[in-house]
$ cat query_24.cif   # mmCIF, C-alpha atoms
data_query
#
loop_
_atom_site.group_PDB
_atom_site.id
_atom_site.type_symbol
_atom_site.label_atom_id
_atom_site.label_comp_id
_atom_site.auth_asym_id
_atom_site.auth_seq_id
_atom_site.Cartn_x
_atom_site.Cartn_y
_atom_site.Cartn_z
ATOM 1 C CA MET A 1425 -256.178 -15.542 -181.368
ATOM 2 C CA LYS A 1426 -258.057 -15.526 -178.073
ATOM 3 C CA ASN A 1427 -258.654 -11.787 -177.626
ATOM 4 C CA ILE A 1428 -261.210 -10.465 -180.104
ATOM 5 C CA GLY A 1429 -262.082 -6.785 -180.330
ATOM 6 C CA VAL A 1430 -265.530 -5.702 -181.482
ATOM 7 C CA ILE A 1431 -266.065 -2.074 -182.475
ATOM 8 C CA GLY A 1432 -269.780 -1.309 -182.795
ATOM 9 C CA LEU A 1433 -272.015 -3.166 -180.331
ATOM 10 C CA GLY A 1434 -275.467 -2.434 -181.775
ATOM 11 C CA ASN A 1435 -277.985 -5.089 -182.815
ATOM 12 C CA MET A 1436 -275.499 -7.035 -184.936
ATOM 13 C CA GLY A 1437 -272.289 -6.299 -183.032
ATOM 14 C CA ARG A 1438 -273.871 -7.318 -179.728
ATOM 15 C CA GLY A 1439 -274.971 -10.660 -181.170
ATOM 16 C CA MET A 1440 -271.546 -11.350 -182.647
ATOM 17 C CA ALA A 1441 -269.818 -10.420 -179.384
ATOM 18 C CA LEU A 1442 -272.043 -12.790 -177.390
ATOM 19 C CA SER A 1443 -271.537 -15.596 -179.931
ATOM 20 C CA LEU A 1444 -267.784 -15.139 -179.588
ATOM 21 C CA LEU A 1445 -268.058 -15.292 -175.796
ATOM 22 C CA ARG A 1446 -269.924 -18.597 -176.075
ATOM 23 C CA GLY A 1447 -267.158 -19.783 -178.418
ATOM 24 C CA GLY A 1448 -264.573 -19.323 -175.680
ATOM 25 C CA PHE A 1449 -263.026 -16.053 -176.831
ATOM 26 C CA ASN A 1450 -262.246 -13.085 -174.638
ATOM 27 C CA VAL A 1451 -264.231 -10.214 -176.171
ATOM 28 C CA ILE A 1452 -263.119 -6.608 -175.788
ATOM 29 C CA GLY A 1453 -265.540 -4.049 -177.161
ATOM 30 C CA THR A 1454 -266.489 -0.433 -177.537
ATOM 31 C CA ASP A 1455 -269.415 1.540 -178.901
ATOM 32 C CA ALA A 1456 -270.295 5.199 -179.382
ATOM 33 C CA SER A 1457 -273.294 4.755 -177.051
ATOM 34 C CA GLY A 1458 -272.666 4.735 -173.314
ATOM 35 C CA ALA A 1459 -275.912 2.844 -172.691
ATOM 36 C CA THR A 1460 -274.851 0.150 -175.162
ATOM 37 C CA ARG A 1461 -271.447 -0.150 -173.491
ATOM 38 C CA GLU A 1462 -273.145 -0.616 -170.105
ATOM 39 C CA LEU A 1463 -275.471 -3.300 -171.477
ATOM 40 C CA LEU A 1464 -272.643 -5.301 -173.029
ATOM 41 C CA ALA A 1465 -270.541 -4.996 -169.888
ATOM 42 C CA SER A 1466 -273.416 -6.598 -167.956
ATOM 43 C CA GLU A 1467 -273.406 -9.436 -170.498
ATOM 44 C CA GLY A 1468 -269.729 -10.274 -170.068
ATOM 45 C CA VAL A 1469 -267.941 -8.166 -172.698
ATOM 46 C CA SER A 1470 -264.829 -6.342 -171.488
ATOM 47 C CA ILE A 1471 -265.689 -2.754 -172.345
ATOM 48 C CA ARG A 1472 -263.157 -0.090 -173.262
ATOM 49 C CA ALA A 1473 -263.669 3.626 -173.850
ATOM 50 C CA SER A 1474 -261.673 3.983 -177.067
ATOM 51 C CA VAL A 1475 -260.674 2.309 -180.315
ATOM 52 C CA ARG A 1476 -257.038 2.591 -179.240
ATOM 53 C CA GLU A 1477 -257.652 0.476 -176.126
ATOM 54 C CA VAL A 1478 -259.534 -2.187 -178.067
ATOM 55 C CA VAL A 1479 -256.778 -2.460 -180.673
ATOM 56 C CA SER A 1480 -253.980 -2.620 -178.097
ATOM 57 C CA GLU A 1481 -255.575 -5.588 -176.303
ATOM 58 C CA SER A 1482 -256.891 -7.585 -179.287
ATOM 59 C CA ASP A 1483 -255.505 -10.167 -181.701
ATOM 60 C CA VAL A 1484 -258.338 -9.594 -184.214
ATOM 61 C CA VAL A 1485 -260.681 -6.610 -184.497
ATOM 62 C CA ILE A 1486 -264.213 -6.911 -185.875
ATOM 63 C CA LEU A 1487 -266.095 -3.867 -187.162
ATOM 64 C CA SER A 1488 -269.899 -3.773 -187.043
ATOM 65 C CA LEU A 1489 -270.765 -0.246 -188.125
ATOM 66 C CA PRO A 1490 -273.689 1.340 -190.000
ATOM 67 C CA THR A 1491 -272.003 3.150 -192.913
ATOM 68 C CA ALA A 1492 -268.857 3.183 -195.035
ATOM 69 C CA ALA A 1493 -268.096 6.699 -193.771
ATOM 70 C CA ILE A 1494 -268.093 5.517 -190.146
ATOM 71 C CA VAL A 1495 -265.932 2.515 -191.041
ATOM 72 C CA ALA A 1496 -263.440 4.881 -192.693
ATOM 73 C CA GLU A 1497 -263.433 7.160 -189.639
ATOM 74 C CA VAL A 1498 -262.805 4.264 -187.242
ATOM 75 C CA VAL A 1499 -260.003 2.852 -189.399
ATOM 76 C CA SER A 1500 -258.205 5.941 -190.686
ATOM 77 C CA GLY A 1501 -259.694 8.938 -188.898
ATOM 78 C CA ALA A 1502 -258.179 10.853 -186.033
ATOM 79 C CA ASP A 1503 -257.136 8.317 -183.358
ATOM 80 C CA GLY A 1504 -258.376 5.471 -185.582
ATOM 81 C CA ILE A 1505 -256.933 1.981 -185.965
ATOM 82 C CA VAL A 1506 -254.210 3.093 -188.399
ATOM 83 C CA SER A 1507 -252.897 5.473 -185.730
ATOM 84 C CA HIS A 1508 -252.321 2.554 -183.349
ATOM 85 C CA PRO A 1509 -250.723 -0.158 -185.507
ATOM 86 C CA LYS A 1510 -250.303 -3.676 -184.202
ATOM 87 C CA ALA A 1511 -248.200 -5.857 -186.492
ATOM 88 C CA GLY A 1512 -250.048 -8.824 -187.949
ATOM 89 C CA MET A 1513 -253.483 -7.853 -186.692
ATOM 90 C CA VAL A 1514 -256.431 -8.653 -188.989
ATOM 91 C CA VAL A 1515 -259.332 -6.189 -189.137
ATOM 92 C CA ILE A 1516 -262.616 -7.805 -190.231
ATOM 93 C CA ASP A 1517 -265.324 -5.484 -191.532
ATOM 94 C CA THR A 1518 -268.725 -7.151 -191.175
ATOM 95 C CA SER A 1519 -270.584 -3.973 -192.173
ATOM 96 C CA THR A 1520 -272.237 -3.433 -195.551
ATOM 97 C CA SER A 1521 -269.832 -0.959 -197.122
ATOM 98 C CA HIS A 1522 -268.489 0.228 -200.470
ATOM 99 C CA PRO A 1523 -265.825 -2.062 -201.962
ATOM 100 C CA ASP A 1524 -263.647 0.877 -203.037
ATOM 101 C CA THR A 1525 -263.641 2.185 -199.464
ATOM 102 C CA THR A 1526 -262.634 -1.254 -198.217
ATOM 103 C CA ARG A 1527 -259.757 -1.560 -200.690
ATOM 104 C CA ARG A 1528 -258.481 1.922 -199.841
ATOM 105 C CA LEU A 1529 -258.563 1.211 -196.114
ATOM 106 C CA ALA A 1530 -256.903 -2.175 -196.649
ATOM 107 C CA LYS A 1531 -253.937 -0.448 -198.330
ATOM 108 C CA GLN A 1532 -253.636 1.993 -195.450
ATOM 109 C CA LEU A 1533 -253.642 -0.826 -192.921
ATOM 110 C CA GLU A 1534 -251.107 -2.816 -194.940
ATOM 111 C CA GLY A 1535 -248.847 0.251 -194.830
ATOM 112 C CA VAL A 1536 -248.605 -0.073 -191.038
ATOM 113 C CA GLY A 1537 -248.327 -3.868 -190.918
ATOM 114 C CA MET A 1538 -251.973 -4.862 -190.491
ATOM 115 C CA ARG A 1539 -254.392 -6.729 -192.727
ATOM 116 C CA MET A 1540 -258.046 -6.209 -193.640
ATOM 117 C CA MET A 1541 -260.822 -8.417 -194.916
ATOM 118 C CA ASP A 1542 -264.525 -7.829 -195.553
ATOM 119 C CA ALA A 1543 -267.059 -10.340 -194.292
ATOM 120 C CA PRO A 1544 -270.497 -8.698 -194.482
ATOM 121 C CA VAL A 1545 -273.238 -10.739 -192.881
ATOM 122 C CA SER A 1546 -276.820 -11.852 -193.455
ATOM 123 C CA GLY A 1547 -279.244 -13.235 -190.919
ATOM 124 C CA GLY A 1548 -280.197 -10.210 -188.863
ATOM 125 C CA PRO A 1549 -279.878 -9.791 -185.084
ATOM 126 C CA LYS A 1550 -281.276 -13.293 -184.489
ATOM 127 C CA GLY A 1551 -278.589 -14.820 -186.706
ATOM 128 C CA ALA A 1552 -275.903 -12.774 -184.969
ATOM 129 C CA ILE A 1553 -276.865 -13.770 -181.445
ATOM 130 C CA THR A 1554 -277.330 -17.458 -182.329
ATOM 131 C CA GLY A 1555 -274.161 -17.683 -184.437
ATOM 132 C CA THR A 1556 -276.150 -18.770 -187.499
ATOM 133 C CA MET A 1557 -275.362 -15.877 -189.846
ATOM 134 C CA ALA A 1558 -274.074 -16.248 -193.377
ATOM 135 C CA MET A 1559 -270.955 -14.374 -194.518
ATOM 136 C CA VAL A 1560 -269.669 -13.455 -197.966
ATOM 137 C CA ILE A 1561 -265.952 -12.909 -197.609
ATOM 138 C CA GLY A 1562 -263.355 -10.867 -199.456
ATOM 139 C CA ALA A 1563 -259.880 -11.779 -198.249
ATOM 140 C CA ALA A 1564 -256.467 -13.168 -199.044
ATOM 141 C CA ASP A 1565 -256.399 -16.942 -198.549
ATOM 142 C CA GLU A 1566 -253.836 -16.787 -195.735
ATOM 143 C CA ASP A 1567 -255.788 -14.131 -193.819
ATOM 144 C CA LEU A 1568 -258.997 -16.127 -194.082
ATOM 145 C CA ALA A 1569 -257.276 -19.281 -192.829
ATOM 146 C CA ALA A 1570 -255.813 -17.394 -189.873
ATOM 147 C CA VAL A 1571 -259.150 -16.060 -188.612
ATOM 148 C CA MET A 1572 -261.411 -18.971 -189.590
ATOM 149 C CA PRO A 1573 -261.956 -20.107 -185.957
ATOM 150 C CA VAL A 1574 -263.250 -16.609 -185.159
ATOM 151 C CA LEU A 1575 -265.616 -16.596 -188.139
ATOM 152 C CA GLU A 1576 -266.848 -20.101 -187.313
ATOM 153 C CA ALA A 1577 -267.865 -18.947 -183.840
ATOM 154 C CA MET A 1578 -270.069 -16.211 -185.346
ATOM 155 C CA SER A 1579 -271.568 -17.818 -188.432
ATOM 156 C CA ALA A 1580 -273.017 -21.005 -189.896
ATOM 157 C CA LYS A 1581 -272.174 -20.354 -193.557
ATOM 158 C CA ARG A 1582 -269.100 -18.711 -195.048
ATOM 159 C CA VAL A 1583 -268.503 -18.165 -198.762
ATOM 160 C CA HIS A 1584 -265.134 -16.829 -199.908
ATOM 161 C CA VAL A 1585 -265.951 -14.840 -203.040
ATOM 162 C CA GLY A 1586 -262.598 -13.210 -203.821
ATOM 163 C CA GLY A 1587 -260.008 -10.706 -202.646
ATOM 164 C CA VAL A 1588 -260.528 -7.703 -200.389
ATOM 165 C CA GLY A 1589 -263.658 -5.791 -201.425
ATOM 166 C CA ALA A 1590 -265.317 -8.763 -203.129
ATOM 167 C CA GLY A 1591 -267.385 -9.524 -200.044
ATOM 168 C CA HIS A 1592 -268.940 -6.092 -200.168
ATOM 169 C CA VAL A 1593 -269.747 -6.454 -203.876
ATOM 170 C CA ALA A 1594 -271.526 -9.735 -203.082
ATOM 171 C CA LYS A 1595 -273.397 -8.240 -200.108
ATOM 172 C CA ILE A 1596 -274.557 -5.250 -202.141
ATOM 173 C CA ALA A 1597 -275.839 -7.694 -204.765
ATOM 174 C CA ASN A 1598 -277.576 -9.786 -202.102
ATOM 175 C CA ASN A 1599 -279.349 -6.814 -200.540
ATOM 176 C CA LEU A 1600 -280.313 -5.474 -203.938
ATOM 177 C CA PHE A 1601 -282.003 -8.809 -204.674
ATOM 178 C CA THR A 1602 -283.873 -8.608 -201.369
ATOM 179 C CA ALA A 1603 -284.894 -4.988 -201.942
ATOM 180 C CA SER A 1604 -286.198 -5.922 -205.403
ATOM 181 C CA HIS A 1605 -287.935 -9.133 -204.329
ATOM 182 C CA LEU A 1606 -289.877 -7.348 -201.585
ATOM 183 C CA ILE A 1607 -291.309 -4.822 -204.031
ATOM 184 C CA VAL A 1608 -292.189 -7.464 -206.644
ATOM 185 C CA ALA A 1609 -293.690 -9.812 -204.034
ATOM 186 C CA ALA A 1610 -295.857 -6.999 -202.659
ATOM 187 C CA GLU A 1611 -297.215 -6.162 -206.111
ATOM 188 C CA VAL A 1612 -297.751 -9.781 -207.128
ATOM 189 C CA THR A 1613 -299.601 -10.662 -203.914
ATOM 190 C CA ARG A 1614 -301.860 -7.612 -204.308
ATOM 191 C CA MET A 1615 -302.594 -8.670 -207.890
ATOM 192 C CA ALA A 1616 -303.492 -12.226 -206.861
ATOM 193 C CA GLU A 1617 -305.605 -11.086 -203.919
ATOM 194 C CA LYS A 1618 -307.629 -8.776 -206.146
ATOM 195 C CA ALA A 1619 -308.095 -11.694 -208.544
ATOM 196 C CA GLY A 1620 -309.571 -13.729 -205.694
ATOM 197 C CA VAL A 1621 -306.606 -15.872 -204.602
ATOM 198 C CA PRO A 1622 -305.749 -15.615 -200.865
ATOM 199 C CA VAL A 1623 -302.150 -14.593 -200.220
ATOM 200 C CA GLU A 1624 -301.483 -17.639 -198.028
ATOM 201 C CA ARG A 1625 -302.559 -20.026 -200.797
ATOM 202 C CA LEU A 1626 -300.694 -18.023 -203.429
ATOM 203 C CA LEU A 1627 -297.429 -18.222 -201.506
ATOM 204 C CA GLN A 1628 -297.855 -21.958 -201.000
ATOM 205 C CA GLY A 1629 -298.055 -22.303 -204.751
ATOM 206 C CA ILE A 1630 -295.151 -19.969 -205.467
ATOM 207 C CA ASN A 1631 -292.950 -21.631 -202.870
ATOM 208 C CA ALA A 1632 -293.589 -24.985 -204.514
ATOM 209 C CA GLY A 1633 -292.490 -23.583 -207.862
ATOM 210 C CA SER A 1634 -289.735 -21.633 -209.555
ATOM 211 C CA GLY A 1635 -290.782 -18.161 -208.338
ATOM 212 C CA ARG A 1636 -289.893 -18.763 -204.710
ATOM 213 C CA SER A 1637 -287.321 -16.655 -202.862
ATOM 214 C CA PHE A 1638 -286.255 -15.889 -199.302
ATOM 215 C CA VAL A 1639 -288.861 -13.138 -199.354
ATOM 216 C CA THR A 1640 -291.763 -15.455 -200.204
ATOM 217 C CA GLU A 1641 -290.542 -18.363 -198.075
ATOM 218 C CA HIS A 1642 -289.401 -16.440 -194.997
ATOM 219 C CA SER A 1643 -289.991 -12.682 -194.981
ATOM 220 C CA PHE A 1644 -293.714 -12.738 -195.736
ATOM 221 C CA PRO A 1645 -294.724 -15.401 -193.170
ATOM 222 C CA THR A 1646 -292.279 -14.197 -190.507
ATOM 223 C CA TRP A 1647 -292.659 -10.424 -190.647
ATOM 224 C CA VAL A 1648 -295.275 -9.303 -193.183
ATOM 225 C CA MET A 1649 -298.432 -11.416 -193.155
ATOM 226 C CA ASN A 1650 -298.628 -11.499 -189.349
ATOM 227 C CA GLY A 1651 -298.068 -7.740 -189.141
ATOM 228 C CA LYS A 1652 -295.044 -8.025 -186.848
ATOM 229 C CA PHE A 1653 -292.539 -6.087 -188.978
ATOM 230 C CA ASP A 1654 -289.813 -6.660 -186.393
ATOM 231 C CA SER A 1655 -286.847 -8.070 -188.341
ATOM 232 C CA GLY A 1656 -284.387 -5.711 -186.619
ATOM 233 C CA PHE A 1657 -283.291 -4.160 -189.942
ATOM 234 C CA THR A 1658 -284.618 -0.682 -190.715
ATOM 235 C CA MET A 1659 -285.787 1.181 -193.783
ATOM 236 C CA LYS A 1660 -282.876 3.584 -193.266
ATOM 237 C CA LEU A 1661 -280.330 0.772 -193.494
ATOM 238 C CA MET A 1662 -281.852 -0.792 -196.591
ATOM 239 C CA ARG A 1663 -282.140 2.587 -198.294
ATOM 240 C CA LYS A 1664 -278.444 3.052 -197.569
ATOM 241 C CA ASP A 1665 -277.618 -0.344 -199.080
ATOM 242 C CA VAL A 1666 -279.671 0.385 -202.199
ATOM 243 C CA ARG A 1667 -277.819 3.703 -202.575
ATOM 244 C CA LEU A 1668 -274.542 1.778 -202.302
ATOM 245 C CA SER A 1669 -275.663 -0.387 -205.209
ATOM 246 C CA GLN A 1670 -276.292 2.698 -207.322
ATOM 247 C CA GLU A 1671 -272.879 4.118 -206.443
ATOM 248 C CA LEU A 1672 -271.222 0.854 -207.460
ATOM 249 C CA ILE A 1673 -273.207 0.630 -210.723
ATOM 250 C CA GLY A 1674 -272.316 4.252 -211.487
ATOM 251 C CA ALA A 1675 -268.633 3.614 -210.830
ATOM 252 C CA LEU A 1676 -268.801 0.672 -213.242
ATOM 253 C CA ASP A 1677 -270.460 2.924 -215.864
ATOM 254 C CA MET A 1678 -273.377 0.535 -216.352
ATOM 255 C CA ASP A 1679 -277.005 1.100 -217.317
ATOM 256 C CA LEU A 1680 -279.269 -1.293 -215.397
ATOM 257 C CA PRO A 1681 -282.804 0.051 -215.837
ATOM 258 C CA LEU A 1682 -284.737 -2.398 -213.660
ATOM 259 C CA VAL A 1683 -282.347 -1.937 -210.762
ATOM 260 C CA GLY A 1684 -282.591 1.804 -211.320
ATOM 261 C CA LYS A 1685 -286.373 1.638 -210.920
ATOM 262 C CA VAL A 1686 -286.011 -0.356 -207.704
ATOM 263 C CA ALA A 1687 -283.653 2.292 -206.339
ATOM 264 C CA GLU A 1688 -286.095 5.024 -207.345
ATOM 265 C CA LEU A 1689 -288.932 3.290 -205.471
ATOM 266 C CA TRP A 1690 -286.849 2.811 -202.334
ATOM 267 C CA ALA A 1691 -285.859 6.480 -202.379
ATOM 268 C CA LYS A 1692 -289.491 7.545 -202.922
ATOM 269 C CA SER A 1693 -290.616 5.382 -200.007
ATOM 270 C CA SER A 1694 -289.164 7.945 -197.590
ATOM 271 C CA ASP A 1695 -292.217 10.121 -198.345
ATOM 272 C CA THR A 1696 -294.530 7.692 -196.531
ATOM 273 C CA ILE A 1697 -292.369 5.194 -194.577
ATOM 274 C CA LYS A 1698 -290.085 6.508 -191.843
ATOM 275 C CA ASP A 1699 -286.397 5.608 -191.549
ATOM 276 C CA GLU A 1700 -286.831 3.815 -188.224
ATOM 277 C CA GLU A 1701 -289.552 1.459 -189.471
ATOM 278 C CA ASP A 1702 -288.800 -2.151 -190.377
ATOM 279 C CA PHE A 1703 -287.467 -2.549 -193.910
ATOM 280 C CA ASN A 1704 -290.199 -5.051 -194.765
ATOM 281 C CA ARG A 1705 -292.644 -2.123 -194.615
ATOM 282 C CA ILE A 1706 -291.629 -1.415 -198.220
ATOM 283 C CA VAL A 1707 -294.450 -3.839 -199.122
ATOM 284 C CA GLU A 1708 -296.851 -1.058 -198.089
ATOM 285 C CA LEU A 1709 -295.422 1.354 -200.660
ATOM 286 C CA GLY A 1710 -298.269 2.771 -202.695
ATOM 287 C CA THR A 1711 -300.891 1.750 -200.131
ATOM 288 C CA ARG A 1712 -300.163 4.469 -197.587
ATOM 289 C CA ALA A 1713 -301.639 7.938 -197.940
#
$ encode --input "query_24.cif" --output "structure tokens"
Amino acid sequence: MKNIGVIGLGNMGRGMALSLLRGGFNVIGTDASGATRELLASEGVSIRASVREVVSESDVVILSLPTAAIVAEVVSGADGIVSHPKAGMVVIDTSTSHPDTTRRLAKQLEGVGMRMMDAPVSGGPKGAITGTMAMVIGAADEDLAAVMPVLEAMSAKRVHVGGVGAGHVAKIANNLFTASHLIVAAEVTRMAEKAGVPVERLLQGINAGSGRSFVTEHSFPTWVMNGKFDSGFTMKLMRKDVRLSQELIGALDMDLPLVGKVAELWAKSSDTIKDEEDFNRIVELGTRA
């Protein structure tokens, strides 16, 4: 498996493509944006104009796309991957998508002799370009074993959580934790500051105790307290992921009131925080006019 196709060369796809190049793979890619295609061509990726061309020249195809609807279009839409079957090919979806969509697409691909697995990623653009991302993987054991060298070139941690679709369940859960932790951390730090405890000292105490999380240990010092807000992940994307969690909970016919409130707050944030802003800006919810 030396020829790896990458469909979607944005912030995450670009990083994964460059990590694969460093790993010794031949990377063949495409993107909806002509400017993005030109940039990646200058960085050593073999650029093609269509999904069909990428599939025909690749042993494995990686998807890095913003929504489940776009993933479905690329896989099963007009002139999508299903229309150009290549026996034995594995399609790896690294997007954050809906598990039911993934399972449906996997069946369609199996019908034409191809396989699918979901391996959504964490670590942001920095993790993608340095090959230090974490992956939660939904796949058959044999498919995972076959593509493991490819995944190892892109990531530092890989957790196999179940069959196809399970990776997306785990990623939705992960992002829902992050979305919740940001809101709680913002409120708790405001409470402590008003009570006379500096945020820096508060977080030192929390991070030495049981209340610590990625948000308190990493997000606040890296992107919030210094005012940088430049994680590379937008409000629009996190709002989409929170909506995915509500769709999944609804499909499971569950009542989860705290999670419901978190989703309500993320939806309401669109009144004051624009889609293109960094997702860590949610900590400013309620403080903006």
$ resolve_selection --input "query_24.cif" --expression "the PyMOL selection byres ((chain A and resi 1702) around 12)" --output "PyMOL selection string"
chain A and resi 1548+1643+1647-1648+1651-1663+1697-1701+1703-1708
$ closest_residue --input "query_24.cif" --among "A:Leu1464, A:Ala1610, A:Ala1594, A:Val1451" --to "Leu1433 of chain A" --atoms "only C-alpha atoms"
A:Leu1464
$ axis_aligned_box --input "query_24.cif" --around "segment 1564-1579 of chain A" --padding-each-side "3 Å" --output "JSON"
{"center_x": -262.7, "center_y": -16.6, "center_z": -191.4, "size_x": 23.7, "size_y": 12.9, "size_z": 21.2}
$ residues_around --input "query_24.cif" --residues "segment 1475-1491 of chain A" --least-positions-apart "2" --cutoff "8 Å" --atoms "only C-alpha atoms" --output "JSON, numbers by chain"
{"A": [1425, 1426, 1427, 1428, 1429, 1430, 1431, 1432, 1433, 1434, 1436, 1437, 1452, 1453, 1454, 1472, 1473, 1493, 1494, 1495, 1498, 1503, 1504, 1505, 1508, 1510, 1513, 1514, 1515, 1516, 1517, 1518, 1519, 1520, 1521, 1571, 1661, 1664]}
$ atom_distance --input "query_24.cif" --atom1 "atom CA of Ala1456 of chain A" --atom2 "atom CA of Ser1474 of chain A"
9.0 Å
$ atom_distance --input "query_24.cif" --atom1 "atom CA of Asp1524 of chain A" --atom2 "atom CA of Val1506 of chain A"
17.6 Å
$ atom_distance --input "query_24.cif" --atom1 "atom CA of Ile1471 of chain A" --atom2 "atom CA of Leu1444 of chain A"
14.5 Å
$ closest_residue --input "query_24.cif" --among "A:Pro1573, A:Gly1447, A:Gly1501, A:Gly1674" --to "Ile1553 of chain A" --atoms "all atoms listed in the file"
A:Gly1447
$ closest_residue --input "query_24.cif" --among "A:Arg1527, A:Arg1636, A:Lys1581, A:Lys1618" --to "Met1557 of chain A" --atoms "all atoms listed in the file"
A:Lys1581
$ residues_around --input "query_24.cif" --residues "Leu1682 of chain A" --least-positions-apart "5" --cutoff "10 Å" --atoms "all atoms listed in the file" --output "list in words"
Ser1604, Ala1687 and Glu1688 of chain A
$ resolve_selection --input "query_24.cif" --expression "the PyMOL selection byres ((chain A and resi 1554) around 10)" --output "MDAnalysis selection string"
chainID A and resid 1439:1440 1442:1443 1446 1547 1549:1553 1555:1557 1577:1580
$ resolve_selection --input "query_24.cif" --expression "the PyMOL selection byres ((chain A and resi 1536-1538) around 6)" --output "PyMOL selection string"
chain A and resi 1509+1511-1513+1533-1535+1539
$ write_last_selection --input "query_24.cif" --atoms "C-alpha atoms" --output "mmCIF file, in the frame of the given file"
data_model
loop_
_atom_site.group_PDB
_atom_site.id
_atom_site.type_symbol
_atom_site.label_atom_id
_atom_site.label_comp_id
_atom_site.auth_asym_id
_atom_site.auth_seq_id
_atom_site.Cartn_x
_atom_site.Cartn_y
_atom_site.Cartn_z
ATOM 1 C CA PRO A 1509 -250.723 -0.158 -185.507
ATOM 2 C CA ALA A 1511 -248.200 -5.857 -186.492
ATOM 3 C CA GLY A 1512 -250.048 -8.824 -187.949
ATOM 4 C CA MET A 1513 -253.483 -7.853 -186.692
ATOM 5 C CA LEU A 1533 -253.642 -0.826 -192.921
ATOM 6 C CA GLU A 1534 -251.107 -2.816 -194.940
ATOM 7 C CA GLY A 1535 -248.847 0.251 -194.830
ATOM 8 C CA ARG A 1539 -254.392 -6.729 -192.727
#
$ build_atoms --input "query_24.cif" --residues "segment 1437-1448 of chain A" --atoms "N, CA, C and O atoms" --output "PDB file, keeping the file's coordinate frame"
ATOM      1  N   GLY A1437    -273.538  -6.176-183.777  1.00  0.00           N
ATOM      2  CA  GLY A1437    -272.289  -6.299-183.032  1.00  0.00           C
ATOM      3  C   GLY A1437    -272.479  -6.988-181.694  1.00  0.00           C
ATOM      4  O   GLY A1437    -271.647  -7.795-181.268  1.00  0.00           O
ATOM      5  N   ARG A1438    -273.576  -6.668-181.023  1.00  0.00           N
ATOM      6  CA  ARG A1438    -273.871  -7.318-179.728  1.00  0.00           C
ATOM      7  C   ARG A1438    -274.009  -8.825-179.925  1.00  0.00           C
ATOM      8  O   ARG A1438    -273.419  -9.617-179.176  1.00  0.00           O
ATOM      9  N   GLY A1439    -274.782  -9.233-180.936  1.00  0.00           N
ATOM     10  CA  GLY A1439    -274.971 -10.660-181.170  1.00  0.00           C
ATOM     11  C   GLY A1439    -273.664 -11.366-181.481  1.00  0.00           C
ATOM     12  O   GLY A1439    -273.398 -12.463-180.974  1.00  0.00           O
ATOM     13  N   MET A1440    -272.836 -10.736-182.316  1.00  0.00           N
ATOM     14  CA  MET A1440    -271.546 -11.350-182.647  1.00  0.00           C
ATOM     15  C   MET A1440    -270.648 -11.452-181.420  1.00  0.00           C
ATOM     16  O   MET A1440    -269.968 -12.469-181.204  1.00  0.00           O
ATOM     17  N   ALA A1441    -270.646 -10.398-180.596  1.00  0.00           N
ATOM     18  CA  ALA A1441    -269.818 -10.420-179.384  1.00  0.00           C
ATOM     19  C   ALA A1441    -270.252 -11.551-178.454  1.00  0.00           C
ATOM     20  O   ALA A1441    -269.407 -12.281-177.906  1.00  0.00           O
ATOM     21  N   LEU A1442    -271.553 -11.735-178.276  1.00  0.00           N
ATOM     22  CA  LEU A1442    -272.043 -12.790-177.390  1.00  0.00           C
ATOM     23  C   LEU A1442    -271.784 -14.176-177.970  1.00  0.00           C
ATOM     24  O   LEU A1442    -271.488 -15.130-177.226  1.00  0.00           O
ATOM     25  N   SER A1443    -271.874 -14.313-179.301  1.00  0.00           N
ATOM     26  CA  SER A1443    -271.537 -15.596-179.931  1.00  0.00           C
ATOM     27  C   SER A1443    -270.065 -15.929-179.727  1.00  0.00           C
ATOM     28  O   SER A1443    -269.707 -17.096-179.475  1.00  0.00           O
ATOM     29  N   LEU A1444    -269.216 -14.926-179.815  1.00  0.00           N
ATOM     30  CA  LEU A1444    -267.784 -15.139-179.588  1.00  0.00           C
ATOM     31  C   LEU A1444    -267.501 -15.528-178.139  1.00  0.00           C
ATOM     32  O   LEU A1444    -266.655 -16.388-177.873  1.00  0.00           O
ATOM     33  N   LEU A1445    -268.215 -14.907-177.205  1.00  0.00           N
ATOM     34  CA  LEU A1445    -268.058 -15.292-175.796  1.00  0.00           C
ATOM     35  C   LEU A1445    -268.414 -16.761-175.594  1.00  0.00           C
ATOM     36  O   LEU A1445    -267.682 -17.500-174.928  1.00  0.00           O
ATOM     37  N   ARG A1446    -269.526 -17.186-176.191  1.00  0.00           N
ATOM     38  CA  ARG A1446    -269.924 -18.597-176.075  1.00  0.00           C
ATOM     39  C   ARG A1446    -268.885 -19.513-176.711  1.00  0.00           C
ATOM     40  O   ARG A1446    -268.719 -20.661-176.306  1.00  0.00           O
ATOM     41  N   GLY A1447    -268.186 -19.000-177.742  1.00  0.00           N
ATOM     42  CA  GLY A1447    -267.158 -19.783-178.418  1.00  0.00           C
ATOM     43  C   GLY A1447    -265.848 -19.856-177.672  1.00  0.00           C
ATOM     44  O   GLY A1447    -264.894 -20.473-178.155  1.00  0.00           O
ATOM     45  N   GLY A1448    -265.774 -19.234-176.512  1.00  0.00           N
ATOM     46  CA  GLY A1448    -264.573 -19.323-175.680  1.00  0.00           C
ATOM     47  C   GLY A1448    -263.572 -18.204-175.867  1.00  0.00           C
ATOM     48  O   GLY A1448    -262.476 -18.256-175.294  1.00  0.00           O
TER      49      GLY A1448
END
